[in-house]
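Reproduced below: input-v4.cif, with mmCIF, C-alpha atoms and all ligand atoms.
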data_target
loop_
_atom_site.label_atom_id
_atom_site.label_comp_id
_atom_site.auth_asym_id
_atom_site.auth_seq_id
_atom_site.Cartn_x
_atom_site.Cartn_y
_atom_site.Cartn_z
CA MET C 1 177.50 118.29 -17.86
CA LYS C 2 176.48 119.95 -14.62
CA ALA C 3 173.17 118.99 -13.05
CA ALA C 4 171.21 119.46 -9.84
CA VAL C 5 170.97 115.88 -8.56
CA TYR C 6 169.92 114.10 -5.41
CA TYR C 7 170.74 110.72 -3.93
CA GLU C 8 167.66 110.51 -1.74
CA THR C 9 164.33 112.30 -1.71
CA GLY C 10 163.61 114.87 0.97
CA PRO C 11 163.64 118.62 1.66
CA PRO C 12 165.24 121.03 -0.85
CA ASP C 13 168.72 120.66 0.66
CA VAL C 14 169.00 117.12 -0.77
CA PHE C 15 170.17 118.81 -4.01
CA ARG C 16 173.83 118.55 -5.00
CA TYR C 17 175.26 120.46 -7.97
CA GLU C 18 177.53 117.92 -9.65
CA ASP C 19 179.21 116.73 -12.84
CA VAL C 20 177.32 113.82 -14.39
CA PRO C 21 177.71 112.02 -17.75
CA ASP C 22 176.12 113.76 -20.74
CA PRO C 23 172.85 112.09 -21.84
CA GLU C 24 172.95 110.06 -25.07
CA CYS C 25 170.82 111.08 -28.01
CA GLY C 26 169.18 107.86 -29.20
CA PRO C 27 167.02 107.16 -32.27
CA GLY C 28 163.95 109.36 -32.40
CA SER C 29 165.41 111.79 -29.86
CA VAL C 30 167.03 115.20 -29.76
CA LEU C 31 169.73 116.50 -27.44
CA VAL C 32 168.81 119.92 -26.05
CA HIS C 33 171.23 122.47 -24.62
CA VAL C 34 169.06 123.73 -21.77
CA GLU C 35 168.58 127.50 -21.34
CA ALA C 36 165.59 127.70 -18.99
CA ILE C 37 164.04 125.15 -16.62
CA SER C 38 160.45 125.65 -15.49
CA ILE C 39 160.07 124.12 -12.01
CA GLU C 40 156.76 122.27 -12.19
CA GLY C 41 154.54 121.50 -9.20
CA GLY C 42 155.31 117.81 -9.71
CA ASP C 43 159.05 118.49 -9.48
CA THR C 44 158.87 119.63 -5.86
CA LEU C 45 156.59 116.69 -4.98
CA ASN C 46 158.92 114.17 -6.68
CA ARG C 47 161.95 115.64 -4.88
CA ALA C 48 160.11 115.50 -1.56
CA GLY C 49 159.31 111.79 -1.64
CA GLY C 50 158.46 108.63 -3.55
CA GLU C 51 160.30 106.35 -5.95
CA MET C 52 163.50 107.53 -7.71
CA ALA C 53 163.96 106.35 -11.31
CA SER C 54 167.77 106.64 -11.06
CA LYS C 55 170.53 107.33 -8.56
CA PRO C 56 171.73 110.04 -8.52
CA HIS C 57 168.46 111.39 -9.83
CA ILE C 58 167.88 114.46 -12.00
CA VAL C 59 164.36 115.62 -11.35
CA GLY C 60 162.23 117.79 -13.63
CA TYR C 61 159.48 117.64 -16.22
CA GLN C 62 160.13 120.63 -18.47
CA CYS C 63 162.76 122.94 -19.96
CA ALA C 64 163.58 124.90 -23.10
CA GLY C 65 166.74 125.43 -25.08
CA THR C 66 168.50 124.81 -28.39
CA ILE C 67 168.83 121.46 -30.16
CA ARG C 68 172.46 120.42 -30.31
CA GLN C 69 172.06 116.94 -31.88
CA VAL C 70 169.30 115.14 -33.76
CA GLY C 71 168.91 111.37 -33.40
CA ASP C 72 168.34 108.86 -36.23
CA GLY C 73 164.87 108.96 -37.72
CA VAL C 74 164.02 112.52 -36.66
CA ALA C 75 163.01 114.49 -39.75
CA ASP C 76 161.10 117.43 -38.30
CA ARG C 77 163.71 118.93 -35.94
CA HIS C 78 167.15 120.37 -36.70
CA GLU C 79 170.33 121.41 -34.95
CA GLY C 80 170.17 125.00 -33.76
CA GLN C 81 166.36 124.95 -33.46
CA ARG C 82 164.90 126.33 -30.23
CA VAL C 83 162.35 124.07 -28.53
CA VAL C 84 160.51 123.59 -25.28
CA ALA C 85 160.55 119.98 -24.12
CA THR C 86 158.83 117.77 -21.58
CA MET C 87 160.21 114.59 -20.05
CA PHE C 88 159.47 112.25 -17.14
CA TRP C 89 162.64 113.41 -15.42
CA GLY C 90 165.91 115.16 -16.23
CA SER C 91 165.19 118.89 -16.74
CA HIS C 92 167.42 120.15 -13.90
CA ALA C 93 170.57 119.88 -16.02
CA GLU C 94 172.66 121.59 -18.72
CA LEU C 95 171.69 118.98 -21.32
CA VAL C 96 168.70 116.74 -21.80
CA ALA C 97 167.89 114.04 -24.39
CA VAL C 98 164.18 113.68 -25.16
CA PRO C 99 161.98 112.02 -27.78
CA ALA C 100 161.47 114.60 -30.55
CA VAL C 101 157.68 114.16 -30.23
CA LEU C 102 157.92 115.72 -26.77
CA THR C 103 159.38 118.96 -28.11
CA TRP C 104 157.58 122.03 -29.45
CA PRO C 105 159.33 124.66 -31.58
CA VAL C 106 159.78 128.07 -29.94
CA PRO C 107 158.95 130.80 -32.48
CA ASP C 108 161.74 133.13 -33.59
CA GLY C 109 162.08 136.12 -31.29
CA ALA C 110 160.02 134.55 -28.50
CA ASP C 111 161.23 134.70 -24.90
CA ILE C 112 162.76 131.30 -24.16
CA VAL C 113 162.07 131.67 -20.41
CA ALA C 114 158.35 132.26 -20.94
CA CYS C 115 158.06 129.45 -23.50
CA ALA C 116 159.89 127.09 -21.10
CA CYS C 117 156.86 127.38 -18.80
CA VAL C 118 154.09 126.56 -21.27
CA PRO C 119 153.45 122.87 -22.13
CA VAL C 120 152.53 121.22 -18.82
CA ALA C 121 150.79 124.19 -17.18
CA PHE C 122 148.78 125.33 -20.19
CA GLY C 123 148.24 121.81 -21.54
CA THR C 124 146.94 120.63 -18.18
CA ALA C 125 144.76 123.70 -17.69
CA ASP C 126 143.28 123.27 -21.17
CA ASP C 127 142.49 119.58 -20.63
CA CYS C 128 140.98 120.26 -17.19
CA LEU C 129 138.75 123.06 -18.45
CA PHE C 130 137.69 121.79 -21.86
CA GLU C 131 138.59 118.19 -22.82
CA PHE C 132 137.48 116.76 -19.47
CA GLY C 133 135.75 119.71 -17.76
CA HIS C 134 133.50 120.66 -20.73
CA LEU C 135 133.52 124.34 -19.72
CA ALA C 136 131.12 126.47 -21.77
CA ALA C 137 130.80 130.23 -22.23
CA GLY C 138 128.62 131.79 -19.54
CA GLU C 139 129.51 129.16 -16.91
CA THR C 140 131.31 129.87 -13.65
CA VAL C 141 134.54 128.04 -12.86
CA LEU C 142 136.43 127.75 -9.58
CA ILE C 143 140.19 127.40 -9.99
CA GLN C 144 141.96 126.25 -6.85
CA ALA C 145 145.53 127.49 -6.23
CA GLY C 146 145.09 130.20 -8.84
CA ALA C 147 148.57 131.66 -8.24
CA GLY C 148 150.29 128.36 -9.14
CA GLY C 149 151.52 127.48 -12.62
CA VAL C 150 148.41 125.50 -13.62
CA GLY C 151 146.18 128.10 -11.96
CA VAL C 152 147.63 131.08 -13.83
CA ALA C 153 147.12 129.23 -17.12
CA ALA C 154 143.60 128.07 -16.24
CA ILE C 155 142.44 131.58 -15.26
CA GLN C 156 143.44 132.96 -18.67
CA LEU C 157 142.01 130.07 -20.72
CA ALA C 158 138.71 130.08 -18.80
CA LYS C 159 138.28 133.84 -19.22
CA ARG C 160 139.10 133.62 -22.92
CA ALA C 161 136.35 130.99 -23.25
CA GLY C 162 133.76 133.35 -21.77
CA ALA C 163 133.53 131.96 -18.23
CA THR C 164 133.26 133.82 -14.93
CA VAL C 165 136.43 132.99 -13.02
CA ILE C 166 136.75 132.52 -9.27
CA ALA C 167 140.20 131.53 -7.99
CA THR C 168 141.64 130.73 -4.59
CA ALA C 169 145.04 131.21 -2.96
CA SER C 170 146.52 131.31 0.53
CA SER C 171 146.05 135.11 0.47
CA VAL C 172 144.10 137.40 -1.84
CA ALA C 173 147.26 139.49 -2.33
CA ARG C 174 148.76 136.49 -4.18
CA LEU C 175 145.91 136.77 -6.68
CA ASP C 176 146.27 140.52 -7.43
CA PRO C 177 148.53 139.94 -10.48
CA LEU C 178 145.87 137.60 -11.92
CA LYS C 179 143.13 140.24 -12.17
CA PRO C 180 144.47 141.76 -15.41
CA LEU C 181 144.68 138.21 -16.81
CA GLY C 182 140.98 137.42 -16.34
CA LEU C 183 140.37 136.68 -12.67
CA ASP C 184 136.96 138.00 -11.62
CA HIS C 185 136.81 136.99 -7.94
CA PRO C 186 139.80 136.21 -5.65
CA VAL C 187 139.11 134.05 -2.57
CA ASP C 188 141.44 133.27 0.35
CA TYR C 189 141.01 129.53 0.98
CA SER C 190 143.21 129.61 4.08
CA ARG C 191 140.29 131.20 5.95
CA GLU C 192 137.44 129.29 7.53
CA GLY C 193 134.22 129.56 5.55
CA TRP C 194 135.80 129.94 2.09
CA VAL C 195 133.25 127.54 0.59
CA ASP C 196 130.45 129.89 1.67
CA VAL C 197 132.37 132.82 0.20
CA VAL C 198 132.55 131.02 -3.17
CA ARG C 199 128.88 130.03 -3.07
CA ASN C 200 127.86 133.59 -2.16
CA LEU C 201 129.78 134.89 -5.20
CA THR C 202 127.44 132.76 -7.33
CA GLY C 203 124.33 134.00 -5.55
CA GLY C 204 124.14 130.70 -3.66
CA ARG C 205 123.87 128.64 -6.86
CA GLY C 206 127.37 127.11 -6.88
CA VAL C 207 130.03 126.84 -9.59
CA ASP C 208 129.56 124.75 -12.74
CA LEU C 209 133.14 123.46 -12.74
CA ALA C 210 135.91 123.26 -10.15
CA VAL C 211 139.54 122.61 -11.18
CA ASP C 212 141.41 121.28 -8.17
CA SER C 213 145.18 120.79 -8.11
CA VAL C 214 145.41 120.86 -4.31
CA GLY C 215 143.51 117.77 -3.12
CA GLY C 216 142.68 116.62 0.41
CA ARG C 217 140.31 118.88 2.33
CA VAL C 218 140.44 121.47 -0.44
CA LEU C 219 139.03 118.88 -2.89
CA ALA C 220 136.13 118.24 -0.54
CA GLY C 221 135.58 122.01 -0.54
CA SER C 222 135.66 122.09 -4.35
CA VAL C 223 132.79 119.62 -4.47
CA ALA C 224 130.89 121.56 -1.80
CA CYS C 225 131.12 124.62 -4.09
CA LEU C 226 129.44 122.84 -7.03
CA VAL C 227 126.04 123.58 -8.50
CA TYR C 228 123.53 120.73 -8.92
CA ARG C 229 125.05 118.45 -11.64
CA GLY C 230 128.34 120.34 -11.31
CA ARG C 231 131.70 118.87 -12.38
CA ALA C 232 134.92 118.71 -10.40
CA ILE C 233 138.34 117.90 -11.81
CA THR C 234 141.07 116.47 -9.59
CA VAL C 235 144.48 117.08 -11.14
CA GLY C 236 146.99 117.23 -8.30
CA ARG C 237 147.81 117.12 -4.63
CA ALA C 238 149.83 120.29 -4.12
CA GLY C 239 148.40 120.59 -0.60
CA ARG C 240 150.18 117.37 0.48
CA ASP C 241 147.05 116.61 2.52
CA PRO C 242 146.45 112.83 2.78
CA GLN C 243 142.77 113.28 3.72
CA PRO C 244 140.84 110.82 1.47
CA PHE C 245 137.88 112.08 -0.53
CA ASP C 246 134.44 110.72 0.38
CA VAL C 247 132.74 110.03 -2.98
CA SER C 248 129.34 109.62 -1.33
CA THR C 249 129.15 113.44 -1.11
CA LEU C 250 128.64 113.55 -4.90
CA GLY C 251 125.42 111.58 -4.92
CA MET C 252 122.90 114.07 -3.58
CA GLY C 253 123.77 116.69 -6.19
CA ASN C 254 124.24 114.34 -9.17
CA GLN C 255 127.75 115.73 -9.36
CA SER C 256 130.81 114.18 -10.96
CA ILE C 257 134.51 114.13 -10.33
CA THR C 258 137.06 113.33 -13.05
CA GLY C 259 140.77 112.71 -12.73
CA VAL C 260 143.06 114.34 -15.29
CA PHE C 261 146.62 113.30 -16.17
CA LEU C 262 148.20 115.21 -19.04
CA GLY C 263 150.95 112.63 -19.36
CA ALA C 264 148.45 110.06 -20.65
CA GLU C 265 147.36 112.45 -23.44
CA ILE C 266 150.55 114.27 -24.32
CA LEU C 267 151.63 112.02 -27.20
CA ASN C 268 148.42 112.28 -29.17
CA GLU C 269 147.99 114.71 -32.04
CA ARG C 270 145.22 116.67 -30.35
CA THR C 271 147.31 117.46 -27.31
CA ARG C 272 150.52 118.17 -29.19
CA ALA C 273 148.72 120.65 -31.44
CA MET C 274 146.92 122.24 -28.49
CA ILE C 275 150.25 122.77 -26.68
CA GLN C 276 151.90 124.25 -29.79
CA HIS C 277 148.97 126.65 -30.03
CA HIS C 278 149.62 127.81 -26.46
CA VAL C 279 153.38 128.17 -27.08
CA ASP C 280 152.57 130.32 -30.12
CA ASP C 281 150.04 132.38 -28.14
CA VAL C 282 152.58 133.05 -25.37
CA ALA C 283 155.20 133.95 -27.98
CA ALA C 284 152.76 136.41 -29.59
CA GLY C 285 151.62 137.92 -26.27
CA ARG C 286 148.07 136.55 -26.49
CA LEU C 287 148.65 134.54 -23.29
CA THR C 288 150.91 135.46 -20.38
CA VAL C 289 153.42 133.46 -18.39
CA LEU C 290 154.15 134.94 -14.99
CA VAL C 291 157.74 134.29 -13.95
CA ASP C 292 158.11 135.19 -10.29
CA ARG C 293 161.88 134.67 -9.98
CA THR C 294 164.80 133.01 -11.67
CA PHE C 295 167.66 131.23 -9.90
CA PRO C 296 170.92 129.77 -11.24
CA LEU C 297 170.68 125.97 -11.67
CA ALA C 298 173.41 125.68 -9.03
CA GLU C 299 170.87 127.13 -6.57
CA ALA C 300 168.11 124.58 -7.24
CA ALA C 301 167.74 123.97 -3.51
CA ALA C 302 167.00 127.67 -2.86
CA ALA C 303 164.56 127.76 -5.78
CA HIS C 304 162.62 124.72 -4.53
CA ALA C 305 162.59 126.13 -0.99
CA TYR C 306 161.25 129.44 -2.29
CA ILE C 307 158.40 127.62 -4.09
CA GLU C 308 157.57 125.64 -0.98
CA SER C 309 157.45 128.88 1.06
CA ARG C 310 154.32 129.63 -1.05
CA GLN C 311 155.48 133.13 -1.98
CA ALA C 312 155.83 132.57 -5.73
CA VAL C 313 153.10 133.79 -8.06
CA GLY C 314 153.41 131.84 -11.29
CA ARG C 315 156.64 130.07 -12.15
CA VAL C 316 160.11 129.91 -10.66
CA VAL C 317 162.72 129.24 -13.36
CA LEU C 318 166.24 127.83 -13.14
CA ILE C 319 168.92 129.07 -15.54
CA PRO C 320 171.88 126.70 -16.19
N1 LIG C 401 147.72 115.48 -13.41
C1 LIG C 401 148.48 116.23 -14.21
O1 LIG C 401 148.55 115.98 -15.42
C2 LIG C 401 149.18 117.41 -13.64
C3 LIG C 401 149.80 118.34 -14.47
C4 LIG C 401 150.39 119.46 -13.89
C5 LIG C 401 150.40 119.63 -12.52
N2 LIG C 401 149.82 118.68 -11.75
C6 LIG C 401 149.79 118.81 -10.29
O2 LIG C 401 149.04 119.97 -9.97
C7 LIG C 401 149.57 120.56 -8.80
C8 LIG C 401 149.88 122.02 -9.09
O3 LIG C 401 150.90 122.11 -10.07
P1 LIG C 401 151.54 123.53 -10.39
O4 LIG C 401 152.57 123.30 -11.43
O5 LIG C 401 150.49 124.53 -10.62
O6 LIG C 401 152.26 123.82 -9.00
P2 LIG C 401 152.86 125.18 -8.43
O7 LIG C 401 153.06 126.16 -9.52
O8 LIG C 401 154.02 124.79 -7.59
O9 LIG C 401 151.68 125.75 -7.52
C9 LIG C 401 151.18 124.98 -6.49
C10 LIG C 401 150.22 125.84 -5.68
O10 LIG C 401 149.68 125.01 -4.69
C11 LIG C 401 149.33 125.80 -3.59
N3 LIG C 401 149.52 125.02 -2.37
C12 LIG C 401 148.51 124.58 -1.57
N4 LIG C 401 148.99 123.91 -0.55
C13 LIG C 401 150.34 123.90 -0.67
C14 LIG C 401 151.38 123.36 0.10
N5 LIG C 401 151.14 122.67 1.23
N6 LIG C 401 152.65 123.53 -0.32
C15 LIG C 401 152.91 124.20 -1.46
N7 LIG C 401 151.95 124.75 -2.24
C16 LIG C 401 150.67 124.60 -1.84
C17 LIG C 401 150.18 127.05 -3.64
O11 LIG C 401 149.32 128.18 -3.62
P3 LIG C 401 148.76 128.85 -2.28
O12 LIG C 401 149.92 129.13 -1.36
O13 LIG C 401 148.13 130.09 -2.79
O14 LIG C 401 147.80 127.86 -1.72
C18 LIG C 401 150.88 127.00 -5.00
O15 LIG C 401 150.69 128.18 -5.75
C19 LIG C 401 150.76 119.73 -8.40
O16 LIG C 401 150.34 118.81 -7.42
C20 LIG C 401 151.14 119.00 -9.67
O17 LIG C 401 151.77 117.77 -9.40
C21 LIG C 401 149.22 117.58 -12.27
#
Show me this structure written as structure tokens.
Ligand SMILES: NC(=O)c1ccc[n+]([C@@H]2O[C@H](COP(=O)([O-])OP(=O)(O)OC[C@H]3O[C@@H](n4cnc5c(N)ncnc54)[C@H](OP(=O)(O)O)[C@@H]3O)[C@@H](O)[C@H]2O)c1
Amino acid sequence: MKAAVYYETGPPDVFRYEDVPDPECGPGSVLVHVEAISIEGGDTLNRAGGEMASKPHIVGYQCAGTIRQVGDGVADRHEGQRVVATMFWGSHAELVAVPAVLTWPVPDGADIVACACVPVAFGTADDCLFEFGHLAAGETVLIQAGAGGVGVAAIQLAKRAGATVIATASSVARLDPLKPLGLDHPVDYSREGWVDVVRNLTGGRGVDLAVDSVGGRVLAGSVACLVYRGRAITVGRAGRDPQPFDVSTLGMGNQSITGVFLGAEILNERTRAMIQHHVDDVAAGRLTVLVDRTFPLAEAAAAHAYIESRQAVGRVVLIP
């Protein structure tokens, strides 16, 4: 098969488009012919640095396509079935073999590109807001990096739950497409004083919950935006800012901060059902996936560079 691989981590031009051996479909797994690859925030971070699980390495957490082979012991998937799948690595390829439990059926007639973008973004947003963030109707939530994949999902789920939604981005123009999806108040967090802007939007009270996928100085700002007894969720480090967080700032306001990792929850029944629900809602038009651009898989380097230029609103998708 063809795949976008790299031999060392680094900037987007480390990608090579090469022939590699087809993956083997072991017991409990399915082999998926990939039709759409959602580039996740973690994919660009993994390509940029850190440990490589293989060499050459095929990065990527998520894709959708059609099952071509079903491994021994798999009773609930069949050849020809369309699924969206998650994996620790390997999405940037024409074929991927994954445990069947990490696949979700794509309803008939649904857009495979939109469904390719659902599990990690919507699953993470849901866990941040509800399972760990305990968001309730009538509360105000701050969603950092609202134009990113997790942000677009979180804005919609928070609004649907009856919250007031404030979201940040590196320009308010990047948040315009999110207003019809439930965003109440866009804030430009590249400007000095954005914490005061957020607090002023709440009449000085502060937000009940902050969902932070950016980290570093932005995470400190998330906590500074909280109401007394407010909750912050840290779920990523998209800002690549190594600034450590000073936990002593939580004490005066009896505030809390919780880490969220979808990967530790994704195999349990609750999470699998929650993700299927979101796939079905996207398929039925009750939730929206914003796809900013698609690129051919052969142009993975250009697609990653485009994401890192911070122009994309929502997802960038590779098509093998
Ligand atoms: N813990 C988990 O289970 C989990 C699950 C999913 C994702 N994550 C993490 O959450 C983060 C966001 O994921 P995602 O899929 O939403 O990512 P994404 O779609 O690529 O969006 C990332 C956003 O981060 C913002 N950003 C801030 N500083 C940036 C920088 N220096 N370079 C690039 N972007 C920057 C960008 O918006 P602006 O330009 O508007 O600032 C961009 O929209 C990632 O760190 C990812 O690893 C964690």
> How many Å lie between atom CA of Gln81 of chain C and atom CA of Val282 of chain C, rounded to one decimal?
Replying inline: 17.9 Å
Determine, using all atoms listed in the file, which residues of chain C have any atom at most 6 Å from an atom of ligand LIG 401 (chain C), and tabulate each with its shortest atom pair and distance in Å to one decimal place, rows ordered by chain and then rising number, as JSON lines.
{"residue": "C:Glu40", "atom": "CA", "partner": "C:LIG401", "partner_atom": "O4", "distance": 4.4}
{"residue": "C:Gly41", "atom": "CA", "partner": "C:LIG401", "partner_atom": "O6", "distance": 3.3}
{"residue": "C:Gly42", "atom": "CA", "partner": "C:LIG401", "partner_atom": "O17", "distance": 3.6}
{"residue": "C:Val120", "atom": "CA", "partner": "C:LIG401", "partner_atom": "C4", "distance": 5.7}
{"residue": "C:Ala121", "atom": "CA", "partner": "C:LIG401", "partner_atom": "C4", "distance": 5.8}
{"residue": "C:Thr124", "atom": "CA", "partner": "C:LIG401", "partner_atom": "C3", "distance": 5.2}
{"residue": "C:Ala145", "atom": "CA", "partner": "C:LIG401", "partner_atom": "O11", "distance": 4.7}
{"residue": "C:Ala147", "atom": "CA", "partner": "C:LIG401", "partner_atom": "O15", "distance": 4.8}
{"residue": "C:Gly148", "atom": "CA", "partner": "C:LIG401", "partner_atom": "O9", "distance": 3.4}
{"residue": "C:Gly149", "atom": "CA", "partner": "C:LIG401", "partner_atom": "O7", "distance": 3.7}
{"residue": "C:Val150", "atom": "CA", "partner": "C:LIG401", "partner_atom": "O5", "distance": 3.8}
{"residue": "C:Gly151", "atom": "CA", "partner": "C:LIG401", "partner_atom": "O5", "distance": 5.8}
{"residue": "C:Ala169", "atom": "CA", "partner": "C:LIG401", "partner_atom": "O13", "distance": 3.3}
{"residue": "C:Ser170", "atom": "CA", "partner": "C:LIG401", "partner_atom": "O13", "distance": 3.9}
{"residue": "C:Ser213", "atom": "CA", "partner": "C:LIG401", "partner_atom": "O2", "distance": 4.4}
{"residue": "C:Val214", "atom": "CA", "partner": "C:LIG401", "partner_atom": "C12", "distance": 5.6}
{"residue": "C:Val235", "atom": "CA", "partner": "C:LIG401", "partner_atom": "N1", "distance": 4.3}
{"residue": "C:Gly236", "atom": "CA", "partner": "C:LIG401", "partner_atom": "C6", "distance": 3.8}
{"residue": "C:Arg237", "atom": "CA", "partner": "C:LIG401", "partner_atom": "O16", "distance": 4.1}
{"residue": "C:Ala238", "atom": "CA", "partner": "C:LIG401", "partner_atom": "O16", "distance": 3.7}
{"residue": "C:Gly239", "atom": "CA", "partner": "C:LIG401", "partner_atom": "N4", "distance": 3.4}
{"residue": "C:Arg240", "atom": "CA", "partner": "C:LIG401", "partner_atom": "N5", "distance": 5.4}
{"residue": "C:Val260", "atom": "CA", "partner": "C:LIG401", "partner_atom": "N1", "distance": 5.2}
{"residue": "C:Phe261", "atom": "CA", "partner": "C:LIG401", "partner_atom": "O1", "distance": 3.4}
{"residue": "C:Leu262", "atom": "CA", "partner": "C:LIG401", "partner_atom": "O1", "distance": 3.7}
{"residue": "C:Gly263", "atom": "CA", "partner": "C:LIG401", "partner_atom": "O1", "distance": 5.7}
{"residue": "C:Glu308", "atom": "CA", "partner": "C:LIG401", "partner_atom": "C15", "distance": 4.9}
{"residue": "C:Arg310", "atom": "CA", "partner": "C:LIG401", "partner_atom": "O12", "distance": 4.4}
{"residue": "C:Gly314", "atom": "CA", "partner": "C:LIG401", "partner_atom": "O7", "distance": 6.0}
{"residue": "C:Arg315", "atom": "CA", "partner": "C:LIG401", "partner_atom": "O7", "distance": 5.9}
> Within 10 Å of segment 176-190 of chain C, counting only C-alpha atoms, which residues qualify if same-chain residues fewer than 2 places away don't, as a count of residues only?
Replying inline: 43
> Which value, in Å to one decimal, gives the distance between atom CA of Asp22 of chain C and atom CA of Val98 of chain C?
Replying inline: 12.7 Å
>> Between atom CA of Ala210 of chain C and atom CA of Ala137 of chain C, what distance in Å does the model show, to one decimal?
In response: 14.9 Å
>> Taking (131.1, 117.9, -19.1) as a centre in this file's frame and 10 Å as the limit, can you find every polymer residue with an atom that close, using all atoms listed in the file, and give them as a ChimeraX atom specification?
In response: /C:129-136,208-209,229-232,256,258
> Which one is closest to Pro11 of chain C: C:Leu45, C:Ala100, C:Gly253, C:His92? Count all atoms listed in the file.
Replying inline: C:Leu45
>> Given all atoms listed in the file as the basis, pick out the residue of C:Ala312, C:Leu31, C:Ala97, C:Ala48 nearest to Arg68 of chain C.
In response: C:Leu31
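The shortest atom-to-atom distance to Gly285 of chain C, with only C-alpha atoms taken into account, belongs to C:Cys115 out of C:Cys115, C:Ala3, C:Val316, C:Ala161.
Nearest to Val317 of chain C of all the residues C:Gly259, C:Pro244, C:Gly60, C:Gly123 is C:Gly60, based on only C-alpha atoms.
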> What's the 6 Å shell around Ser38 of chain C, counting all atoms listed in the file, without same-chain residues fewer than 4 positions away, as a VMD selection string?
Replying inline: chain C and resid 62 to 63 116 to 117 317
